[in-house]
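Here the structure is laid out as structure tokens; the discussion comes afterwards.
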Amino acid sequence: MNNEQCTTLKVLDNVPFGQVAGENLFFALRLERPEWKNWQPGQFVMVRPSGWAFDMLWARPFSICRVSPRDLVLFFQVVGRGTRRMAELKSGDDVLVWGPLGNGFAVEPDSPTLLLAGGIGIAPFVGYAHSHPKPWNLHMEFGHRMPLSCYPYESINEKIMGDAHLEEKPEDLTRFIELMDRRIAEHAEQNGLVLACGPTPFLKTVQHLALKHSARCQLSLETRMACGVGACLGCVTKVADDMHANGVAAGRAQVCNHGPVFWAHQVNLSEG
Amino acid sequence: MDMRLNLPGLPDFGFKNPILTASGTFGYGVEFAPFGDLTALGGIVVKGLSLKPRPGNPMPRIAETPCGMLNAVGLQNSGVESFLKEKLPKLPWRELPVIANIYACDPGEFAELTSILAREQGIAAVEVNISCPNVKEGGILFGQDAAQAARVTEAVKRVAGDKPVIIKLSPNVTDIAAIAKAVEDAGADMISCINTLSGMGVDIRSRKPLLANVIGGLSGPAIKPVALRCVWQVCRAVTIPVIGIGGITSAEDVLEFMLVGAHAVQVGTANFIRPDFSFRLVQEFEQLVEKMGITDLEEFRGSLKL
């Protein structure tokens, strides 16, 4: 029934993407393939380098970017103490990994499916695009602020249709939102699927547009987590009343074990 | 060797080994079942239960701090009835003690909760949270005042039937030994201590507190010396069994708490370091006890040389 495991894996390599200095650093962390039976794009893992002492107690959550017969690939951006330390991981280092955790994105092979990614939120769509049985039914719109070379965009672009949109000025963002508005409307008309992953303001925009067009839409949420398994109650989000099954207490659900993927109409992002 | 310790005053009750999991850090146990054998643990203390569902505090609720963490979850839970119906049947309660941690706003409500739990075969004992620092209705007051703590203890004991009552103490007091003595005199069967230390964190860039509740509870290895001091003082003040809690991350830590007098311990924040932490700790503890040549845990317990 449960497929979750807690195992120590070796780092195969930790490759910087795009610029290698400055504030915004991106890495593809490649680990040995864990002995998972199955996983779904949209699921995540908790990662804690074995070399960490107790100054930082928590593992860090990362979307599964891709799993091959040889490796598990995660994609991360340096955003704080933990990821800054993870940037130093080298080939041969040990990391503790538990997962695959949470639920994945819906896969409907014959539905036109729109992938909306904001920045580092592109990570789970690599695995999604590569494992989808009919990738010609997928279309991606990718909004980003750093140069495209910082993101694993090429490995998706070689597989599916789509465009990348650099946001440099406020007008760029307005244009990107207008484009998403049109794309979501098109997919809603065809009873297609809309999947989104990115920062919370981006998800709020997608949610607003999806509800406006009555599109079937899933959002992958990003929050701070301590345990990843539903115990600490540190990653909750407000949810609609119809989710009140399975231990969801008084309108709040853990993002880790009730998500991270939620249907857009079920989740309230007001606290994010 | 036998890891069981006799618990004074409780001839019919015991833990398989001295390592339990602390409330709020181990969910309802079932969350950790994929990562180890729950029945290998000395016991499970489940996430705090209240009479009615509670939404808890707004986000953010947790923050990592040096060698620890702050939390202000605010006792989010779906209520005692939901726990008994949905969660308890999934736990191997026939094979290990499942302890219900309870929270309420007044002694009457504590008693009402206890009387519901006292009827449940699957509940081995009740741990009373008189010390949660996160709830605005005055949860802290019971734990900070000896007379109030005694009132709650009496109210709970009156309806607990044959279920042992554990009172969980706060470290945020001037004299923890006085509170311990008061709850012992009021009939408590055991004491567990400590709950989290009151603390806060801020972000100088956003100029916001790290927790939406501003103030939260500090836990993790950072608080272990405070916990050890409290357990030592409590053990000297009372004769009932004491369960030590606070920053335990190794088998050595377990023995440290036993050395100052604890009969058992609860592992809390360490469950977040890795989900199999407590399961591994049970094994490491047995290995350490053997390696150190300790043949009688009862003899070792409280043998601190002064």
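Each chain in the structure tokens gets a letter, A, B, ..., in the order shown, and its residues are numbered from 1; ligands are numbered from 1 in order too.
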
*For chain A against chain B, which residues fall within 7 Å using only C-alpha atoms, given as number ranges by chain?*
A: 2, 4-6, 54-59, 226-227, 229-234, 247-252, 271

Got time to write the residues from that selection, C-alpha atoms, as a compact mmCIF listing (two decimals), in the first residue's frame?
```
# COMPACT_ATOMS: atom_id res chain seq x y z
CA ASN A 2 2.53 2.57 1.11
CA GLU A 4 7.26 5.69 1.04
CA GLN A 5 10.80 4.98 2.11
CA CYS A 6 13.54 6.67 4.07
CA PHE A 54 21.84 19.59 14.41
CA ASP A 55 22.22 23.31 13.71
CA MET A 56 19.62 22.79 10.97
CA LEU A 57 17.21 20.06 11.98
CA TRP A 58 14.75 19.93 9.12
CA ALA A 59 15.03 18.26 5.78
CA ALA A 226 9.33 20.19 8.81
CA CYS A 227 8.28 16.55 8.56
CA VAL A 229 4.48 13.28 6.38
CA GLY A 230 1.56 15.15 7.93
CA ALA A 231 2.64 15.30 11.55
CA CYS A 232 3.98 18.78 12.29
CA LEU A 233 0.99 20.75 10.92
CA GLY A 234 3.41 23.45 9.83
CA GLY A 247 -8.66 14.05 9.17
CA VAL A 248 -8.77 17.49 7.63
CA ALA A 249 -9.40 19.58 10.72
CA ALA A 250 -11.63 22.59 10.68
CA GLY A 251 -10.91 23.81 7.18
CA ARG A 252 -7.17 23.31 7.05
CA GLU A 271 -2.64 32.98 3.97
```

Given only C-alpha atoms, how would the per-residue table for segment 37-146 of chain B near segment 2-9 of chain B read, listing every residue at most 12 Å away with its closest atom pair and distance in Å to one decimal, sorted by chain and number, as JSON lines?
```
{"residue": "B:Ala40", "atom": "CA", "partner": "B:Met3", "partner_atom": "CA", "distance": 11.5}
{"residue": "B:Leu41", "atom": "CA", "partner": "B:Met3", "partner_atom": "CA", "distance": 11.1}
{"residue": "B:Gly42", "atom": "CA", "partner": "B:Arg4", "partner_atom": "CA", "distance": 8.9}
{"residue": "B:Gly43", "atom": "CA", "partner": "B:Arg4", "partner_atom": "CA", "distance": 11.9}
```

_Spatial neighbours of Cys193 of chain B, 9 Å, only C-alpha atoms, chain gap at least 3 places, as a VMD selection string_ = chain B and resid 167 to 171 227 230 to 231 234 242 to 246

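Minimum atom-to-atom distance to Leu219 of chain A, evaluated using only C-alpha atoms, belongs to A:Leu269 out of A:Val67, A:Leu96, A:Leu269, A:Ala253.
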
_Residue set, segment 9-197 of chain B restricted to alpha helix (DSSP H), as an MDAnalysis selection string_ = chainID B and resid 80:82 107:118 139:144 146:159 176:185

Output file for the residues above (C-alpha atoms, as an mmCIF file, in the first residue's frame):
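Saved the output as again35.cif:
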```
data_model
loop_
_atom_site.group_PDB
_atom_site.id
_atom_site.type_symbol
_atom_site.label_atom_id
_atom_site.label_comp_id
_atom_site.auth_asym_id
_atom_site.auth_seq_id
_atom_site.Cartn_x
_atom_site.Cartn_y
_atom_site.Cartn_z
ATOM 1 C CA VAL B 80 -11.809 13.772 20.123
ATOM 2 C CA GLU B 81 -14.747 11.966 18.471
ATOM 3 C CA SER B 82 -13.116 12.111 15.058
ATOM 4 C CA PRO B 107 -11.444 21.983 34.303
ATOM 5 C CA GLY B 108 -14.993 20.949 33.350
ATOM 6 C CA GLU B 109 -14.043 20.546 29.716
ATOM 7 C CA PHE B 110 -10.890 18.617 30.683
ATOM 8 C CA ALA B 111 -13.128 16.270 32.678
ATOM 9 C CA GLU B 112 -15.603 15.871 29.822
ATOM 10 C CA LEU B 113 -12.794 14.914 27.456
ATOM 11 C CA THR B 114 -11.326 12.489 29.972
ATOM 12 C CA SER B 115 -14.644 10.777 30.610
ATOM 13 C CA ILE B 116 -14.997 10.151 26.863
ATOM 14 C CA LEU B 117 -11.487 8.699 26.674
ATOM 15 C CA ALA B 118 -11.864 6.671 29.887
ATOM 16 C CA GLY B 139 -3.942 27.508 28.500
ATOM 17 C CA ILE B 140 -0.757 28.702 30.080
ATOM 18 C CA LEU B 141 -2.511 29.680 33.296
ATOM 19 C CA PHE B 142 -3.248 26.149 34.491
ATOM 20 C CA GLY B 143 0.388 25.207 34.120
ATOM 21 C CA GLN B 144 1.775 28.331 35.709
ATOM 22 C CA ALA B 146 0.036 25.392 41.382
ATOM 23 C CA ALA B 147 -3.559 25.698 42.623
ATOM 24 C CA GLN B 148 -4.980 25.838 39.078
ATOM 25 C CA ALA B 149 -2.843 22.859 38.010
ATOM 26 C CA ALA B 150 -4.135 20.907 40.991
ATOM 27 C CA ARG B 151 -7.754 21.815 40.120
ATOM 28 C CA VAL B 152 -7.377 20.431 36.613
ATOM 29 C CA THR B 153 -5.645 17.299 37.898
ATOM 30 C CA GLU B 154 -8.448 16.611 40.402
ATOM 31 C CA ALA B 155 -11.130 17.173 37.776
ATOM 32 C CA VAL B 156 -9.474 14.765 35.368
ATOM 33 C CA LYS B 157 -8.677 12.115 37.989
ATOM 34 C CA ARG B 158 -12.267 12.059 39.198
ATOM 35 C CA VAL B 159 -13.485 10.707 35.837
ATOM 36 C CA ILE B 176 8.538 23.768 38.401
ATOM 37 C CA ALA B 177 9.022 21.585 41.487
ATOM 38 C CA ALA B 178 6.166 23.384 43.266
ATOM 39 C CA ILE B 179 3.789 22.726 40.364
ATOM 40 C CA ALA B 180 4.928 19.090 40.234
ATOM 41 C CA LYS B 181 4.263 18.620 43.933
ATOM 42 C CA ALA B 182 0.833 20.230 43.605
ATOM 43 C CA VAL B 183 -0.292 17.891 40.803
ATOM 44 C CA GLU B 184 1.112 14.864 42.622
ATOM 45 C CA ASP B 185 -0.853 15.822 45.727
#
```

*Report the residues of segment 50-187 of chain A whose backbone DSSP state falls under strand (DSSP E or B), written as a ChimeraX atom specification.*
/A:60-67,71-77,94-101,113-118,138-144,161-166

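Near Ala251 of chain B, within 12 Å and counting only C-alpha atoms, sit Pro18, Ile19, Glu256, Phe257, Met258, Val265, Val267, Phe277, Ser278, Phe279, Arg280, Leu281, Val282, Gln283, Glu284, Phe285, Glu286, Gln287, Leu288, Val289, Glu290, Lys291 and Met292 of chain B; same-chain residues fewer than 5 positions away were not included.
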
Restrict the selected residues to N, CA and C atoms and save them as a PDB file, in the first residue's frame.
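Now in selection.pdb:
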```
ATOM      1  N   PRO B  18      11.657   2.462  27.430  1.00  0.00           N
ATOM      2  CA  PRO B  18      11.444   3.836  27.931  1.00  0.00           C
ATOM      3  C   PRO B  18      11.284   4.901  26.848  1.00  0.00           C
ATOM      4  N   ILE B  19      11.205   4.510  25.559  1.00  0.00           N
ATOM      5  CA  ILE B  19      11.192   5.524  24.497  1.00  0.00           C
ATOM      6  C   ILE B  19       9.804   5.671  23.886  1.00  0.00           C
ATOM      7  N   GLU B 256      20.791  10.138  29.889  1.00  0.00           N
ATOM      8  CA  GLU B 256      20.965  11.342  30.716  1.00  0.00           C
ATOM      9  C   GLU B 256      19.686  11.649  31.492  1.00  0.00           C
ATOM     10  N   PHE B 257      18.553  11.587  30.795  1.00  0.00           N
ATOM     11  CA  PHE B 257      17.281  11.863  31.480  1.00  0.00           C
ATOM     12  C   PHE B 257      16.996  10.799  32.540  1.00  0.00           C
ATOM     13  N   MET B 258      17.367   9.539  32.255  1.00  0.00           N
ATOM     14  CA  MET B 258      17.144   8.488  33.255  1.00  0.00           C
ATOM     15  C   MET B 258      18.081   8.673  34.443  1.00  0.00           C
ATOM     16  N   VAL B 265      11.126   8.504  28.492  1.00  0.00           N
ATOM     17  CA  VAL B 265      11.303   9.780  27.800  1.00  0.00           C
ATOM     18  C   VAL B 265      10.329   9.847  26.631  1.00  0.00           C
ATOM     19  N   VAL B 267      10.313  11.412  22.678  1.00  0.00           N
ATOM     20  CA  VAL B 267      11.090  12.004  21.597  1.00  0.00           C
ATOM     21  C   VAL B 267      10.161  12.912  20.802  1.00  0.00           C
ATOM     22  N   PHE B 277      13.285   8.196  13.011  1.00  0.00           N
ATOM     23  CA  PHE B 277      14.184   8.521  14.119  1.00  0.00           C
ATOM     24  C   PHE B 277      13.905   7.709  15.381  1.00  0.00           C
ATOM     25  N   SER B 278      12.644   7.687  15.812  1.00  0.00           N
ATOM     26  CA  SER B 278      12.329   7.016  17.082  1.00  0.00           C
ATOM     27  C   SER B 278      12.538   5.507  16.993  1.00  0.00           C
ATOM     28  N   PHE B 279      12.227   4.939  15.832  1.00  0.00           N
ATOM     29  CA  PHE B 279      12.434   3.498  15.661  1.00  0.00           C
ATOM     30  C   PHE B 279      13.919   3.156  15.794  1.00  0.00           C
ATOM     31  N   ARG B 280      14.765   3.976  15.158  1.00  0.00           N
ATOM     32  CA  ARG B 280      16.211   3.750  15.234  1.00  0.00           C
ATOM     33  C   ARG B 280      16.719   3.971  16.652  1.00  0.00           C
ATOM     34  N   LEU B 281      16.125   4.962  17.336  1.00  0.00           N
ATOM     35  CA  LEU B 281      16.581   5.283  18.688  1.00  0.00           C
ATOM     36  C   LEU B 281      16.342   4.112  19.646  1.00  0.00           C
ATOM     37  N   VAL B 282      15.227   3.409  19.483  1.00  0.00           N
ATOM     38  CA  VAL B 282      14.942   2.249  20.338  1.00  0.00           C
ATOM     39  C   VAL B 282      16.074   1.226  20.200  1.00  0.00           C
ATOM     40  N   GLN B 283      16.486   0.972  18.957  1.00  0.00           N
ATOM     41  CA  GLN B 283      17.581   0.010  18.729  1.00  0.00           C
ATOM     42  C   GLN B 283      18.901   0.531  19.283  1.00  0.00           C
ATOM     43  N   GLU B 284      19.187   1.814  19.013  1.00  0.00           N
ATOM     44  CA  GLU B 284      20.451   2.398  19.483  1.00  0.00           C
ATOM     45  C   GLU B 284      20.509   2.406  21.006  1.00  0.00           C
ATOM     46  N   PHE B 285      19.364   2.617  21.627  1.00  0.00           N
ATOM     47  CA  PHE B 285      19.324   2.634  23.091  1.00  0.00           C
ATOM     48  C   PHE B 285      19.670   1.248  23.658  1.00  0.00           C
ATOM     49  N   GLU B 286      19.077   0.229  23.086  1.00  0.00           N
ATOM     50  CA  GLU B 286      19.376  -1.131  23.562  1.00  0.00           C
ATOM     51  C   GLU B 286      20.857  -1.456  23.386  1.00  0.00           C
ATOM     52  N   GLN B 287      21.409  -1.030  22.237  1.00  0.00           N
ATOM     53  CA  GLN B 287      22.833  -1.276  21.990  1.00  0.00           C
ATOM     54  C   GLN B 287      23.708  -0.522  22.990  1.00  0.00           C
ATOM     55  N   LEU B 288      23.360   0.725  23.269  1.00  0.00           N
ATOM     56  CA  LEU B 288      24.170   1.532  24.188  1.00  0.00           C
ATOM     57  C   LEU B 288      24.124   0.961  25.605  1.00  0.00           C
ATOM     58  N   VAL B 289      22.931   0.555  26.031  1.00  0.00           N
ATOM     59  CA  VAL B 289      22.784   0.002  27.378  1.00  0.00           C
ATOM     60  C   VAL B 289      23.663  -1.245  27.528  1.00  0.00           C
ATOM     61  N   GLU B 290      23.649  -2.064  26.487  1.00  0.00           N
ATOM     62  CA  GLU B 290      24.466  -3.280  26.506  1.00  0.00           C
ATOM     63  C   GLU B 290      25.955  -2.934  26.502  1.00  0.00           C
ATOM     64  N   LYS B 291      26.320  -1.984  25.619  1.00  0.00           N
ATOM     65  CA  LYS B 291      27.729  -1.592  25.475  1.00  0.00           C
ATOM     66  C   LYS B 291      28.273  -1.010  26.775  1.00  0.00           C
ATOM     67  N   MET B 292      27.429  -0.275  27.502  1.00  0.00           N
ATOM     68  CA  MET B 292      27.875   0.338  28.749  1.00  0.00           C
ATOM     69  C   MET B 292      27.836  -0.631  29.925  1.00  0.00           C
TER      70      MET B 292
END
```

*Check the smallest atom-to-atom distance from each of A:Leu116, A:Pro124, A:Phe44, A:Thr200 to Phe176 of chain A using only C-alpha atoms, then report the winner.*
A:Leu116

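For segment 157-174 of chain A, the list of residues within 8 Å, based on only C-alpha atoms and with local chain neighbours fewer than 2 positions off taken out, reads Ala129, His130, Pro135, Trp136, Leu138, His139, Met140, Glu141, Phe142, Gly143, His144, Arg145, Met146, Pro147, Leu148, Tyr153, Glu154, Ser155, Phe176, Ile177 and Glu178 of chain A.
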
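Comparing the minimum interatomic distances between Gln233 of chain B and each of B:Gly187, B:Gly217, B:Gly14, B:Gly261, counting only C-alpha atoms, we find that B:Gly261 sits nearest.
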
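Note that atom CA of Asp37 of chain B and atom CA of Asn101 of chain B are 21.5 Å apart.
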